[in-house]
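Heads up, the thing below is written out as structure tokens.
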Amino acid sequence: MGLTARHPVVNVAVVAAILGVGLLVGCTPDHNQSTFDATGPVAKSQLILFYWIFGAAVFVFVLVEAALLYAVIRYRKKPGDTDPKQTHGHTRLEIAWTLAPAIVLAVVAIPTIGTIFDNANSPHPPEEGGMLVEVVASQWWWQFNYTHPDDPEKTLVTANELHIPVGTVVNLTLDSKDVLHSFWIPKIAGKVDVVPNNLNKMWIRGDETGNFFGQCAEFCGISHGNMRFNVVVESREDFDAWLRKEAGPGFVSTEPLAAQGKELFEGSAGCFACHTIAGSNRARGTRGPNLTHLASRKHLAAGIMENTQINLRRWLEDPDEVKPGNLMGRDAPVYTDPAKKLTEPEISALVAYLRSLK
Ligand code: CUA
């Protein structure tokens with residue numbers, strides 16, 4: 001039975017309940033995608049701008065609705081009324097209702113323009129020694145390139161987990177390998193489009209340590225909703241230690257099962273063709289995420305599930321079930337060719353190897 005078959009009051013109640021739930025979820029500050037507990041100057045300036053525009057909208061709404069209700073009630077038709085006196089043109093009124101919206105628009109435009117320029121111009125750009133991270137988006141994951149701590153000419157590549165030192169301006173360049181994406185950390189900075197062949201820039205600063213949720217905010221294909229990332233805002237010492245560790249090779253395990261997994265990874269399973277693992281002679285692929293320190297990351301498959309043994313196994317068994325449309329499930333022979341399908345023991349070996357990459 002559709003909504004239309006019910007009493008109109010029921011319909012209104014149902015619609016109000018749905019909107020109410022949406023409003024409550026959207027405005028719950030600790031929700032991942034809520035922008036109401038902003039940290040850092042970028043998200044805070046955007047939140048202030050939101051309140052400013054919302055205030056202007058509420059002001060206009062109240063004024064217009066009040067005038068409308070007053071006119072409807074005060075001038076409603078009564079029995080015996082004749083047509084009111086017809087007028088055409090009223091110079092003073094016309095000037096007033098042209099000026100009033102212009103003032104309201106100015107109230108919205110001035111802080112908007114100020115915020116746009118503040119957010120576009122980094123207070124500590126790379127040319128002046130500011131920190132830089134290159135963001136490269138692909139369907140459906142994120143690559144983050146850092147400057148190597150020992151050699152500024154070299155790049156340190158990681159994926160799906162952005163680490164930044166607390167209270168530090170971090171400049172980002174945004175590039176895409178395929179389609180349009182949008183970079184968004186709801187509590188730290190608003191959305192900036194990631195456009196292929198057009199390097200967009202932004203800056204962020206996290207003022208509280210912790211883990212923050214990032215999400216692609218531009219529809220980019222079937223797994224757009226699964227294109228997330230983790231942002232770790234940490235003390236300078238923790239950040240330096242992390243970067244130092246990232247610069248080293250992935251942990252080399254002596255465990256036989258992990259060694260067997262390494263052999264598969266660099267051999268018959270074909271993983272090496274698309275993934276890089278620093279320290280490996282064969283695993284140099286760049287089509288998929290760099291997995292050098294996969295085991296130290298908090299999530300798997302671009303922020304969509306906890307990095308646990310069970311989830312890693314689930315991912316390797318059937319990537320398409322976890323993240324529909326992903327390139328690995330679509331193109332890797334072990335998933336496309338039934339004759340090459342990974343056996344359960346092979347998956348166990350690969351899991352052991354990947355989980356040793358600390
Ligand atoms: Cu990438 Cu949506």
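In the structure tokens, chains take the letters A, B, ... in the order shown, each chain's residues start at 1, and ligands count up from 1 in the order shown.
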
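With only C-alpha atoms and all ligand atoms as the atoms that count, the set of residues no farther than 9 Å from ligand 1 is A:Ala137, A:Ser138, A:Gln139, A:Trp140, A:Trp141, A:Trp142, A:Val179, A:Leu180, A:His181, A:Ser182, A:Phe183, A:Val194, A:Gln215, A:Cys216, A:Ala217, A:Glu218, A:Phe219, A:Cys220, A:Gly221, A:Ile222, A:Ser223, A:His224, A:Gly225, A:Asn226, A:Met227, A:Arg228.
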
Go ahead and dump the residues you just picked, C-alpha atoms, as a PDB file, in the first residue's frame.
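Final output, again-v6.pdb:
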ATOM      1  CA  ALA A 137      42.615   9.463  -6.226  1.00  0.00           C
ATOM      2  CA  SER A 138      41.617   6.343  -8.172  1.00  0.00           C
ATOM      3  CA  GLN A 139      38.479   4.258  -8.383  1.00  0.00           C
ATOM      4  CA  TRP A 140      38.132   3.595  -5.394  1.00  0.00           C
ATOM      5  CA  TRP A 141      41.066   4.347  -3.152  1.00  0.00           C
ATOM      6  CA  TRP A 142      43.507   7.087  -2.197  1.00  0.00           C
ATOM      7  CA  VAL A 179      37.450  10.202 -13.116  1.00  0.00           C
ATOM      8  CA  LEU A 180      36.240  13.091 -10.950  1.00  0.00           C
ATOM      9  CA  HIS A 181      36.510  12.526  -7.205  1.00  0.00           C
ATOM     10  CA  SER A 182      36.228  14.919  -4.273  1.00  0.00           C
ATOM     11  CA  PHE A 183      38.443  15.071  -1.198  1.00  0.00           C
ATOM     12  CA  VAL A 194      39.851  15.998  -7.577  1.00  0.00           C
ATOM     13  CA  GLN A 215      35.262  10.153   2.201  1.00  0.00           C
ATOM     14  CA  CYS A 216      35.090  10.765  -1.525  1.00  0.00           C
ATOM     15  CA  ALA A 217      32.318  13.307  -2.031  1.00  0.00           C
ATOM     16  CA  GLU A 218      31.807  13.213  -5.782  1.00  0.00           C
ATOM     17  CA  PHE A 219      29.937  10.365  -7.434  1.00  0.00           C
ATOM     18  CA  CYS A 220      32.656   8.383  -9.203  1.00  0.00           C
ATOM     19  CA  GLY A 221      31.144   4.991  -9.999  1.00  0.00           C
ATOM     20  CA  ILE A 222      29.581   1.997  -8.347  1.00  0.00           C
ATOM     21  CA  SER A 223      31.844   1.961  -5.266  1.00  0.00           C
ATOM     22  CA  HIS A 224      31.874   5.727  -4.696  1.00  0.00           C
ATOM     23  CA  GLY A 225      30.407   5.158  -1.232  1.00  0.00           C
ATOM     24  CA  ASN A 226      33.275   2.735  -0.496  1.00  0.00           C
ATOM     25  CA  MET A 227      35.981   5.268  -1.305  1.00  0.00           C
ATOM     26  CA  ARG A 228      36.921   6.289   2.193  1.00  0.00           C
TER      27      ARG A 228
END

Write out as an MDAnalysis selection string all residues of region 147-322 of chain A that DSSP puts in alpha helix (DSSP H) for this structure's backbone.
chainID A and resid 236:247 256:265 309:317 319:322

Which residues are close to Lys341 (chain A), i.e. within 12 Å by only C-alpha atoms, leaving aside same-chain residues fewer than 2 positions away? Reply as number ranges by chain.
A: 268-270, 316-318, 329, 332-339, 343-347

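For the pair CA of Ile310 (chain A) and CA of Ala258 (chain A), the interatomic distance is 16.1 Å.
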
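Proximity to region 239-246 of chain A at 10 Å, evaluated using only C-alpha atoms and with sequence-adjacent residues fewer than 6 positions away removed, yields Tyr146, Thr147, His148, Pro149, Asp150, Leu156, Val157, Thr158, His163, Ile164, Pro165, Val166, Val232, Val233, Ala278, Thr292, His293, Ser296 and Lys358 of chain A.
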
Which of region 166-323 of chain A end up as strand (DSSP E) when DSSP is run on this backbone - answer as JSON, numbers by chain?
{"A": [170, 171, 172, 173, 174, 175, 176, 181, 182, 183, 184, 185, 189, 190, 191, 192, 193, 194, 200, 201, 202, 203, 204, 210, 211, 212, 213, 214, 215, 216, 228, 229, 230, 231, 232, 233, 234, 299, 300, 305, 306]}

Rank A:Leu132, A:Leu354, A:Val21, A:Ile304 by their smallest atom-to-atom distance to Leu291 (chain A), using only C-alpha atoms, and report the top residue only.
A:Leu354

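The coordinates place CA of Lys154 (chain A) at 22.2 Å from CA of Asn197 (chain A).
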
Pick from A:Lys298, A:His90, A:Lys44, A:Arg313 nearest to Leu350 (chain A), counting only C-alpha atoms:
A:Arg313

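Nearest residue to Thr35 (chain A), choosing from A:His7, A:His124, A:Arg92, A:Lys191 and counting only C-alpha atoms: A:Lys191.
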
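CA of Arg287 (chain A) is positioned 19.9 Å from CA of Asn198 (chain A).
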